[in-house]
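Data block for upload-v3.tsv (TSV, C-alpha atoms):
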```tsv
chain	number	residue	atom	x	y	z
A	59	LYS	CA	-9.08	-48.23	7.42
A	60	SER	CA	-8.61	-50.33	4.28
A	61	ALA	CA	-11.63	-52.58	4.89
A	62	PRO	CA	-13.66	-51.20	1.92
A	63	GLN	CA	-10.78	-51.94	-0.47
A	64	LEU	CA	-10.39	-55.44	0.95
A	65	ILE	CA	-14.13	-56.19	0.69
A	66	SER	CA	-14.24	-54.92	-2.89
A	67	LEU	CA	-11.10	-56.87	-3.82
A	68	ILE	CA	-12.48	-60.16	-2.49
A	69	THR	CA	-15.92	-59.61	-4.06
A	70	ASN	CA	-14.58	-58.82	-7.51
A	71	LEU	CA	-11.93	-61.54	-7.44
A	72	ILE	CA	-14.63	-64.11	-6.70
A	73	LEU	CA	-16.73	-62.75	-9.58
A	74	CYS	CA	-13.71	-62.72	-11.90
A	75	VAL	CA	-12.70	-66.32	-11.12
A	76	PHE	CA	-16.28	-67.59	-11.34
A	77	VAL	CA	-17.04	-65.89	-14.67
A	78	LEU	CA	-13.73	-66.71	-16.36
A	79	ARG	CA	-13.77	-70.30	-15.11
A	80	TYR	CA	-17.39	-71.28	-15.73
A	81	LYS	CA	-18.93	-68.69	-18.08
A	82	ARG	CA	-16.21	-67.70	-20.54
A	83	SER	CA	-17.89	-69.42	-23.50
A	84	ARG	CA	-19.92	-66.25	-24.21
A	85	ASN	CA	-18.34	-62.91	-25.09
A	86	VAL	CA	-20.50	-61.04	-22.59
A	87	HIS	CA	-19.18	-63.21	-19.75
A	88	LEU	CA	-15.58	-62.96	-20.94
A	89	VAL	CA	-15.76	-59.17	-21.10
A	90	TYR	CA	-17.35	-58.98	-17.65
A	91	GLY	CA	-14.67	-61.30	-16.25
A	92	LEU	CA	-11.96	-59.00	-17.61
A	93	PHE	CA	-13.83	-56.02	-16.16
A	94	SER	CA	-13.80	-57.68	-12.72
A	95	LEU	CA	-10.08	-58.41	-13.12
A	96	CYS	CA	-9.38	-54.71	-13.78
A	97	VAL	CA	-11.45	-53.72	-10.75
A	98	SER	CA	-9.41	-56.21	-8.70
A	99	ILE	CA	-6.14	-54.62	-9.90
A	100	TRP	CA	-7.53	-51.23	-8.91
A	101	THR	CA	-8.73	-52.24	-5.46
A	102	PHE	CA	-5.59	-54.28	-4.68
A	103	SER	CA	-3.41	-51.25	-5.48
A	104	ALA	CA	-5.72	-48.97	-3.47
A	105	PHE	CA	-5.49	-51.42	-0.57
A	106	LEU	CA	-1.69	-51.13	-0.60
A	107	LEU	CA	-1.80	-47.33	-0.76
A	108	PHE	CA	-3.49	-47.29	2.65
A	109	TYR	CA	-0.39	-48.77	4.25
A	110	GLU	CA	3.05	-47.42	5.07
A	111	LEU	CA	4.95	-47.16	1.80
A	112	THR	CA	7.90	-45.13	0.67
A	113	TYR	CA	7.22	-42.30	-1.76
A	114	GLU	CA	8.63	-44.33	-4.66
A	115	GLN	CA	6.52	-47.37	-3.78
A	116	ALA	CA	3.37	-45.25	-3.46
A	117	LEU	CA	3.92	-43.60	-6.85
A	118	PHE	CA	4.51	-47.02	-8.45
A	119	TRP	CA	1.29	-48.50	-7.03
A	120	ALA	CA	-0.71	-45.37	-7.85
A	121	ARG	CA	0.23	-45.86	-11.49
A	122	VAL	CA	-0.44	-49.61	-11.36
A	123	LEU	CA	-3.85	-48.79	-9.87
A	124	HIS	CA	-4.65	-46.76	-12.96
A	125	ILE	CA	-3.85	-49.66	-15.29
A	126	GLY	CA	-7.04	-51.20	-13.96
A	127	VAL	CA	-8.99	-47.93	-13.91
A	128	LEU	CA	-8.02	-47.08	-17.51
A	129	LEU	CA	-9.70	-50.18	-18.94
A	130	ILE	CA	-12.80	-50.18	-16.72
A	131	PRO	CA	-14.90	-47.70	-18.79
A	132	ALA	CA	-14.26	-49.50	-22.09
A	133	LEU	CA	-14.87	-52.97	-20.67
A	134	PHE	CA	-18.02	-51.91	-18.84
A	135	PHE	CA	-19.47	-50.15	-21.88
A	136	HIS	CA	-18.62	-53.20	-24.00
A	137	PHE	CA	-20.28	-55.46	-21.43
A	138	VAL	CA	-23.48	-53.37	-21.44
A	139	VAL	CA	-23.59	-53.32	-25.25
A	140	LEU	CA	-23.22	-57.11	-25.40
A	141	LEU	CA	-25.74	-57.66	-22.60
A	142	LEU	CA	-28.34	-55.51	-24.32
A	143	GLY	CA	-27.57	-56.79	-27.83
A	144	HIS	CA	-26.71	-53.40	-29.38
A	145	SER	CA	-24.84	-54.71	-32.41
A	146	LYS	CA	-24.76	-51.26	-34.08
A	147	ALA	CA	-22.72	-49.78	-31.22
A	148	LYS	CA	-19.52	-51.50	-32.38
A	149	ILE	CA	-17.93	-48.24	-33.58
A	150	PHE	CA	-18.47	-46.67	-30.16
A	151	VAL	CA	-16.93	-49.69	-28.42
A	152	ILE	CA	-13.84	-49.52	-30.67
A	153	SER	CA	-13.52	-45.75	-30.14
A	154	ILE	CA	-13.68	-46.10	-26.36
A	155	TYR	CA	-11.06	-48.88	-26.38
A	156	PHE	CA	-8.84	-46.63	-28.50
A	157	LEU	CA	-9.18	-43.77	-26.00
A	158	SER	CA	-8.38	-46.17	-23.17
A	159	PHE	CA	-5.23	-47.21	-25.02
A	160	VAL	CA	-4.21	-43.55	-25.44
A	161	PHE	CA	-4.63	-42.91	-21.71
A	162	PHE	CA	-2.77	-46.18	-21.01
A	163	VAL	CA	0.26	-44.89	-22.94
A	164	VAL	CA	0.03	-41.51	-21.22
A	165	ASN	CA	-0.02	-43.25	-17.83
A	166	ALA	CA	2.91	-45.51	-18.77
A	167	PHE	CA	5.05	-42.43	-19.44
A	168	GLY	CA	4.06	-40.82	-16.12
A	169	TYR	CA	1.89	-38.02	-17.51
A	170	LEU	CA	-1.43	-39.09	-15.96
A	171	VAL	CA	-0.49	-39.66	-12.32
A	172	VAL	CA	2.31	-37.15	-11.88
A	173	ASP	CA	2.79	-37.43	-8.12
A	174	VAL	CA	1.33	-38.80	-4.87
A	175	ARG	CA	0.50	-37.05	-1.62
A	176	ARG	CA	0.09	-38.44	1.87
A	177	THR	CA	-3.29	-37.94	3.55
A	178	ILE	CA	-4.83	-39.14	6.80
A	179	PHE	CA	-6.17	-42.13	4.85
A	180	GLY	CA	-2.94	-43.07	3.07
A	181	PHE	CA	-1.39	-42.05	-0.23
A	182	TYR	CA	-3.47	-40.38	-2.90
A	183	SER	CA	-2.68	-39.86	-6.58
A	184	VAL	CA	-2.01	-36.37	-7.89
A	185	GLY	CA	-3.20	-35.60	-11.40
A	186	ASN	CA	-2.89	-32.75	-13.89
A	187	ILE	CA	-4.98	-31.29	-16.72
A	188	ILE	CA	-4.75	-34.62	-18.56
A	189	TYR	CA	-6.18	-36.35	-15.50
A	190	PHE	CA	-9.00	-33.80	-15.40
A	191	ILE	CA	-9.87	-34.74	-18.99
A	192	PHE	CA	-9.56	-38.43	-18.11
A	193	SER	CA	-11.95	-38.07	-15.17
A	194	TRP	CA	-14.60	-36.56	-17.44
A	195	TYR	CA	-14.00	-39.32	-19.99
A	196	VAL	CA	-14.60	-42.02	-17.37
A	197	THR	CA	-17.70	-40.25	-16.05
A	198	ALA	CA	-19.13	-39.79	-19.57
A	199	VAL	CA	-18.61	-43.44	-20.57
A	200	ILE	CA	-20.11	-44.87	-17.38
A	201	ALA	CA	-23.01	-42.40	-17.56
A	202	SER	CA	-23.62	-43.41	-21.19
A	203	SER	CA	-23.69	-47.06	-20.13
A	204	LEU	CA	-26.20	-46.21	-17.43
A	205	ILE	CA	-28.42	-44.42	-19.96
A	206	LEU	CA	-28.39	-47.51	-22.22
A	207	ILE	CA	-29.43	-49.64	-19.25
A	208	ARG	CA	-32.24	-47.29	-18.25
A	209	VAL	CA	-33.58	-47.12	-21.82
A	210	ALA	CA	-33.52	-50.92	-22.10
A	211	MET	CA	-35.57	-51.19	-18.89
A	212	LYS	CA	-38.59	-49.50	-20.50
A	213	ASN	CA	-39.56	-52.48	-22.68
A	214	ALA	CA	-37.84	-55.30	-20.80
A	215	PRO	CA	-39.73	-58.38	-19.53
A	216	ALA	CA	-40.06	-58.77	-15.76
A	217	TRP	CA	-37.02	-61.03	-15.29
A	218	ARG	CA	-34.77	-58.74	-17.35
A	219	MET	CA	-36.21	-55.65	-15.65
A	220	ASN	CA	-35.14	-56.98	-12.25
A	221	GLN	CA	-31.67	-57.83	-13.60
A	222	LEU	CA	-31.21	-54.39	-15.12
A	223	ARG	CA	-32.55	-52.66	-12.01
A	224	TYR	CA	-29.77	-54.13	-9.85
A	225	LEU	CA	-27.18	-53.40	-12.54
A	226	SER	CA	-28.44	-49.82	-12.81
A	227	PHE	CA	-28.38	-49.27	-9.05
A	228	GLY	CA	-24.86	-50.68	-8.69
A	229	THR	CA	-23.61	-48.62	-11.64
A	230	LEU	CA	-25.09	-45.37	-10.33
A	231	LEU	CA	-23.62	-46.00	-6.88
A	232	SER	CA	-20.19	-46.70	-8.38
A	233	LEU	CA	-20.39	-43.59	-10.57
A	234	LEU	CA	-21.10	-41.39	-7.54
A	235	GLY	CA	-18.25	-43.04	-5.65
A	236	GLY	CA	-15.94	-42.50	-8.61
A	237	VAL	CA	-16.77	-38.80	-8.86
A	238	ASN	CA	-16.12	-38.50	-5.10
A	239	ASP	CA	-12.69	-40.14	-5.42
A	240	PHE	CA	-11.65	-38.15	-8.49
A	241	LEU	CA	-11.99	-34.83	-6.64
A	242	PRO	CA	-8.82	-34.99	-4.47
A	243	ILE	CA	-6.78	-36.15	-7.48
A	244	ILE	CA	-7.67	-32.95	-9.34
A	245	GLY	CA	-7.08	-30.75	-6.30
A	246	VAL	CA	-10.40	-30.67	-4.40
A	247	TYR	CA	-9.67	-31.97	-0.90
A	248	THR	CA	-12.77	-31.10	1.15
A	249	TYR	CA	-16.51	-31.38	0.62
A	250	PRO	CA	-18.23	-28.13	-0.53
A	251	LEU	CA	-18.96	-25.55	2.18
A	252	SER	CA	-17.08	-27.56	4.80
A	253	GLN	CA	-13.63	-28.51	6.02
A	254	ILE	CA	-14.48	-32.21	6.01
A	255	PRO	CA	-11.81	-34.12	4.06
A	256	ILE	CA	-13.08	-36.20	1.15
A	257	TYR	CA	-13.09	-39.86	2.09
A	258	PRO	CA	-12.19	-42.32	-0.71
A	259	PHE	CA	-15.23	-44.61	-0.65
A	260	VAL	CA	-15.44	-45.71	-4.30
A	261	SER	CA	-13.93	-49.08	-3.36
A	262	LEU	CA	-16.89	-49.66	-1.04
A	263	THR	CA	-19.42	-48.73	-3.74
A	264	ILE	CA	-17.63	-51.01	-6.22
A	265	GLY	CA	-17.91	-53.82	-3.67
A	266	ILE	CA	-21.65	-53.19	-3.36
A	267	TYR	CA	-21.85	-53.11	-7.15
A	268	GLY	CA	-20.23	-56.56	-7.29
A	269	ILE	CA	-22.79	-57.89	-4.81
A	270	CYS	CA	-25.65	-56.40	-6.91
A	271	VAL	CA	-24.35	-58.08	-10.06
A	272	ALA	CA	-23.84	-61.38	-8.29
A	273	TYR	CA	-27.41	-61.22	-6.95
```
For this file, produce the structure as structure tokens.
Amino acid sequence: KSAPQLISLITNLILCVFVLRYKRSRNVHLVYGLFSLCVSIWTFSAFLLFYELTYEQALFWARVLHIGVLLIPALFFHFVVLLLGHSKAKIFVISIYFLSFVFFVVNAFGYLVVDVRRTIFGFYSVGNIIYFIFSWYVTAVIASSLILIRVAMKNAPAWRMNQLRYLSFGTLLSLLGGVNDFLPIIGVYTYPLSQIPIYPFVSLTIGIYGICVAY
């Protein structure tokens, strides 16, 4: 039942090690390597939450999981800005890092993930109104990154067009998976007009994203 988390963890760890070991001379590679490291922290913690843990252990790992999640929007937006050469977007990059730091502090004091609940899949984080705001923040930043990618595709040469197409596809897939996984945390436990429980598949989409980027 934790296969998607394991696949995503291995994929992103390989990317992280490769980029930080062989490509760290450029800022764009360094930022992407740190992004992959944060995704690895997230998926490793999610992997553990699918196993038998005590309540205290589950709450601890749910908050550790969000250390990775908190930095992902800022690092990904920064990566896209560097990849596309948008030098004038520096103020936006700084602002997003600042917001990530604010949420990091909130999480450290236990006001982001306030509890955990056991489901048929394992433990799941429980958020509050602050988490609801955080979920929209993450969605907005990733969506903004996707818009920058799509705009850049319009005038890109063939080789860059192909590169951005895979990046765009992986990002969109991950965004949809992220929205899916945010729902139970803010109190939505079944898919609309059904009693089917929401399955946490963002780790699988992140794994596919890693494969797209590697390709």
**Q.** Straight-line distance linking atom CA of A:Phe137 with atom CA of A:Ile154, stated in Å to one decimal
**A.** 12.5 Å
**Q.** Close residues, A:Leu141 itself excluded, 10 Å, all atoms listed in the file, min 6 positions apart in chain, as number ranges by chain
**A.** A: 85-87, 90, 135, 207, 222
Q. Which is closest to A:Val184 among A:Leu117, A:Val122, A:Val77, A:Leu71, if we use all atoms listed in the file?
A.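 Smallest separation from A:Val184 among the options: A:Leu117.
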(Q) My list of candidates is A:Leu233, A:Val97, A:Val196, A:Leu206. Which is closest to A:Ala132 when distances are computed with only C-alpha atoms? (A)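 Using only C-alpha atoms, A:Ala132 sits closest to A:Val196.
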Q. Any idea what's packed within 12 Å of A:Val138, counting all atoms listed in the file, ignoring anything in its chain fewer than 3 positions away? Could you give it as a ChimeraX atom specification?
A. /A:85-87,89-90,93,131-135,141-145,147-148,151,199-210,222,225-226,229
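Between atom CA of A:Gln115 and atom CA of A:Val160 lies a distance of 24.5 Å.
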Q: Provide the atom CA of A:Ala120 to atom CA of A:Leu88 distance in Å, to one decimal place.
A: 26.5 Å
Q: Compare A:Phe102, A:Tyr257, A:Tyr224, A:Phe240 by their minimum atom-to-atom distance to A:Phe192, counting all atoms listed in the file, and give me the closest one.
A: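 Result for the nearest residue to A:Phe192: A:Phe240.
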For A:Arg79, list every protein, DNA or RNA residue within 10 Å, evaluated using all atoms listed in the file, and leave out those in the same chain fewer than 5 positions away; present the list as an mmCIF file with C-alpha atoms, in the coordinates of the input.
```
data_model
loop_
_atom_site.group_PDB
_atom_site.id
_atom_site.type_symbol
_atom_site.label_atom_id
_atom_site.label_comp_id
_atom_site.auth_asym_id
_atom_site.auth_seq_id
_atom_site.Cartn_x
_atom_site.Cartn_y
_atom_site.Cartn_z
ATOM 1 C CA LEU A 73 -16.730 -62.750 -9.580
ATOM 2 C CA CYS A 74 -13.710 -62.720 -11.900
ATOM 3 C CA LEU A 88 -15.580 -62.960 -20.940
ATOM 4 C CA GLY A 91 -14.670 -61.300 -16.250
#
```
(Q) Restricting the calculation to all atoms listed in the file: of A:Thr177, A:Ser103, A:Ser94, A:Asn186, which residue gets closest to A:Tyr247? (A) A:Thr177
**Q.** Near-stretch 250-252 of chain A list (12 Å; only C-alpha atoms; drop same-chain fewer than 4 positions) as a PyMOL selection string
**A.** chain A and resi 238+241+246+256
Q: Find the spatial neighbours of A:Phe190, counting all atoms listed in the file, within a cut-off of 10 Å - ignore same-chain residues fewer than 2 positions away - and output them as a PyMOL selection string.
A: chain A and resi 170+185-188+192-195+240-241+243-245
Could you extract stretch 76-166 of chain A of the given structure into a file holding C-alpha atoms, as a PDB file, in the first residue's frame?
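The resulting file, decode18.pdb, is shown below:
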```pdb
ATOM      1  CA  PHE A  76      22.781  13.151  -9.334  1.00  0.00           C
ATOM      2  CA  VAL A  77      22.074  16.892  -9.535  1.00  0.00           C
ATOM      3  CA  LEU A  78      23.872  17.865  -6.325  1.00  0.00           C
ATOM      4  CA  ARG A  79      26.862  15.653  -7.117  1.00  0.00           C
ATOM      5  CA  TYR A  80      27.402  16.402 -10.803  1.00  0.00           C
ATOM      6  CA  LYS A  81      25.451  19.564 -11.667  1.00  0.00           C
ATOM      7  CA  ARG A  82      25.683  21.854  -8.644  1.00  0.00           C
ATOM      8  CA  SER A  83      27.944  24.377 -10.401  1.00  0.00           C
ATOM      9  CA  ARG A  84      24.859  26.204 -11.760  1.00  0.00           C
ATOM     10  CA  ASN A  85      22.232  27.814  -9.531  1.00  0.00           C
ATOM     11  CA  VAL A  86      19.377  26.231 -11.477  1.00  0.00           C
ATOM     12  CA  HIS A  87      20.762  22.753 -10.779  1.00  0.00           C
ATOM     13  CA  LEU A  88      21.453  23.512  -7.120  1.00  0.00           C
ATOM     14  CA  VAL A  89      17.906  24.776  -6.580  1.00  0.00           C
ATOM     15  CA  TYR A  90      16.439  21.743  -8.346  1.00  0.00           C
ATOM     16  CA  GLY A  91      18.610  19.429  -6.246  1.00  0.00           C
ATOM     17  CA  LEU A  92      17.280  21.048  -3.067  1.00  0.00           C
ATOM     18  CA  PHE A  93      13.747  20.752  -4.453  1.00  0.00           C
ATOM     19  CA  SER A  94      14.273  17.003  -4.978  1.00  0.00           C
ATOM     20  CA  LEU A  95      15.654  16.724  -1.436  1.00  0.00           C
ATOM     21  CA  CYS A  96      12.490  18.328  -0.015  1.00  0.00           C
ATOM     22  CA  VAL A  97      10.315  15.985  -2.076  1.00  0.00           C
ATOM     23  CA  SER A  98      12.350  13.071  -0.677  1.00  0.00           C
ATOM     24  CA  ILE A  99      11.729  14.265   2.902  1.00  0.00           C
ATOM     25  CA  TRP A 100       8.024  14.475   2.104  1.00  0.00           C
ATOM     26  CA  THR A 101       7.743  11.044   0.497  1.00  0.00           C
ATOM     27  CA  PHE A 102       9.908   9.342   3.147  1.00  0.00           C
ATOM     28  CA  SER A 103       7.651  10.707   5.896  1.00  0.00           C
ATOM     29  CA  ALA A 104       4.533   9.734   3.911  1.00  0.00           C
ATOM     30  CA  PHE A 105       5.991   6.239   3.483  1.00  0.00           C
ATOM     31  CA  LEU A 106       6.316   5.897   7.270  1.00  0.00           C
ATOM     32  CA  LEU A 107       2.774   7.146   7.877  1.00  0.00           C
ATOM     33  CA  PHE A 108       1.439   4.128   5.981  1.00  0.00           C
ATOM     34  CA  TYR A 109       2.828   1.806   8.639  1.00  0.00           C
ATOM     35  CA  GLU A 110       1.846   0.987  12.204  1.00  0.00           C
ATOM     36  CA  LEU A 111       2.890   3.944  14.343  1.00  0.00           C
ATOM     37  CA  THR A 112       1.791   5.235  17.690  1.00  0.00           C
ATOM     38  CA  TYR A 113      -0.241   8.442  17.719  1.00  0.00           C
ATOM     39  CA  GLU A 114       2.770  10.438  18.924  1.00  0.00           C
ATOM     40  CA  GLN A 115       5.033   8.993  16.226  1.00  0.00           C
ATOM     41  CA  ALA A 116       2.448   9.677  13.516  1.00  0.00           C
ATOM     42  CA  LEU A 117       2.018  13.305  14.594  1.00  0.00           C
ATOM     43  CA  PHE A 118       5.808  13.778  14.647  1.00  0.00           C
ATOM     44  CA  TRP A 119       6.263  12.396  11.122  1.00  0.00           C
ATOM     45  CA  ALA A 120       3.254  14.311   9.795  1.00  0.00           C
ATOM     46  CA  ARG A 121       4.972  17.523  10.887  1.00  0.00           C
ATOM     47  CA  VAL A 122       8.354  16.401   9.527  1.00  0.00           C
ATOM     48  CA  LEU A 123       6.598  15.633   6.226  1.00  0.00           C
ATOM     49  CA  HIS A 124       5.506  19.254   6.031  1.00  0.00           C
ATOM     50  CA  ILE A 125       9.063  20.532   6.444  1.00  0.00           C
ATOM     51  CA  GLY A 126       9.605  19.214   2.939  1.00  0.00           C
ATOM     52  CA  VAL A 127       6.213  20.346   1.636  1.00  0.00           C
ATOM     53  CA  LEU A 128       6.668  23.890   2.989  1.00  0.00           C
ATOM     54  CA  LEU A 129       9.745  24.565   0.871  1.00  0.00           C
ATOM     55  CA  ILE A 130       8.596  22.838  -2.328  1.00  0.00           C
ATOM     56  CA  PRO A 131       6.560  25.771  -3.775  1.00  0.00           C
ATOM     57  CA  ALA A 132       9.355  28.314  -3.257  1.00  0.00           C
ATOM     58  CA  LEU A 133      12.089  26.042  -4.590  1.00  0.00           C
ATOM     59  CA  PHE A 134      10.053  24.989  -7.613  1.00  0.00           C
ATOM     60  CA  PHE A 135       9.089  28.559  -8.499  1.00  0.00           C
ATOM     61  CA  HIS A 136      12.736  29.595  -8.077  1.00  0.00           C
ATOM     62  CA  PHE A 137      13.816  26.702 -10.306  1.00  0.00           C
ATOM     63  CA  VAL A 138      11.362  27.700 -13.052  1.00  0.00           C
ATOM     64  CA  VAL A 139      12.455  31.357 -12.883  1.00  0.00           C
ATOM     65  CA  LEU A 140      16.119  30.359 -13.213  1.00  0.00           C
ATOM     66  CA  LEU A 141      15.393  27.846 -15.981  1.00  0.00           C
ATOM     67  CA  LEU A 142      13.489  30.423 -18.019  1.00  0.00           C
ATOM     68  CA  GLY A 143      15.873  33.292 -17.255  1.00  0.00           C
ATOM     69  CA  HIS A 144      13.294  35.630 -15.675  1.00  0.00           C
ATOM     70  CA  SER A 145      15.740  37.910 -13.872  1.00  0.00           C
ATOM     71  CA  LYS A 146      13.018  40.475 -13.039  1.00  0.00           C
ATOM     72  CA  ALA A 147      11.074  37.937 -10.964  1.00  0.00           C
ATOM     73  CA  LYS A 148      13.543  38.158  -8.061  1.00  0.00           C
ATOM     74  CA  ILE A 149      11.093  40.039  -5.815  1.00  0.00           C
ATOM     75  CA  PHE A 150       8.493  37.303  -6.298  1.00  0.00           C
ATOM     76  CA  VAL A 151      11.047  34.598  -5.467  1.00  0.00           C
ATOM     77  CA  ILE A 152      12.050  36.408  -2.253  1.00  0.00           C
ATOM     78  CA  SER A 153       8.394  36.946  -1.277  1.00  0.00           C
ATOM     79  CA  ILE A 154       7.551  33.267  -1.758  1.00  0.00           C
ATOM     80  CA  TYR A 155      10.578  32.178   0.291  1.00  0.00           C
ATOM     81  CA  PHE A 156       9.448  34.560   3.035  1.00  0.00           C
ATOM     82  CA  LEU A 157       5.948  33.053   3.060  1.00  0.00           C
ATOM     83  CA  SER A 158       7.473  29.577   3.202  1.00  0.00           C
ATOM     84  CA  PHE A 159       9.501  30.650   6.229  1.00  0.00           C
ATOM     85  CA  VAL A 160       6.353  31.978   7.931  1.00  0.00           C
ATOM     86  CA  PHE A 161       4.551  28.667   7.381  1.00  0.00           C
ATOM     87  CA  PHE A 162       7.698  26.837   8.547  1.00  0.00           C
ATOM     88  CA  VAL A 163       7.546  28.675  11.890  1.00  0.00           C
ATOM     89  CA  VAL A 164       3.809  28.031  12.174  1.00  0.00           C
ATOM     90  CA  ASN A 165       4.410  24.317  11.560  1.00  0.00           C
ATOM     91  CA  ALA A 166       7.274  24.204  14.085  1.00  0.00           C
TER      92      ALA A 166
END
```
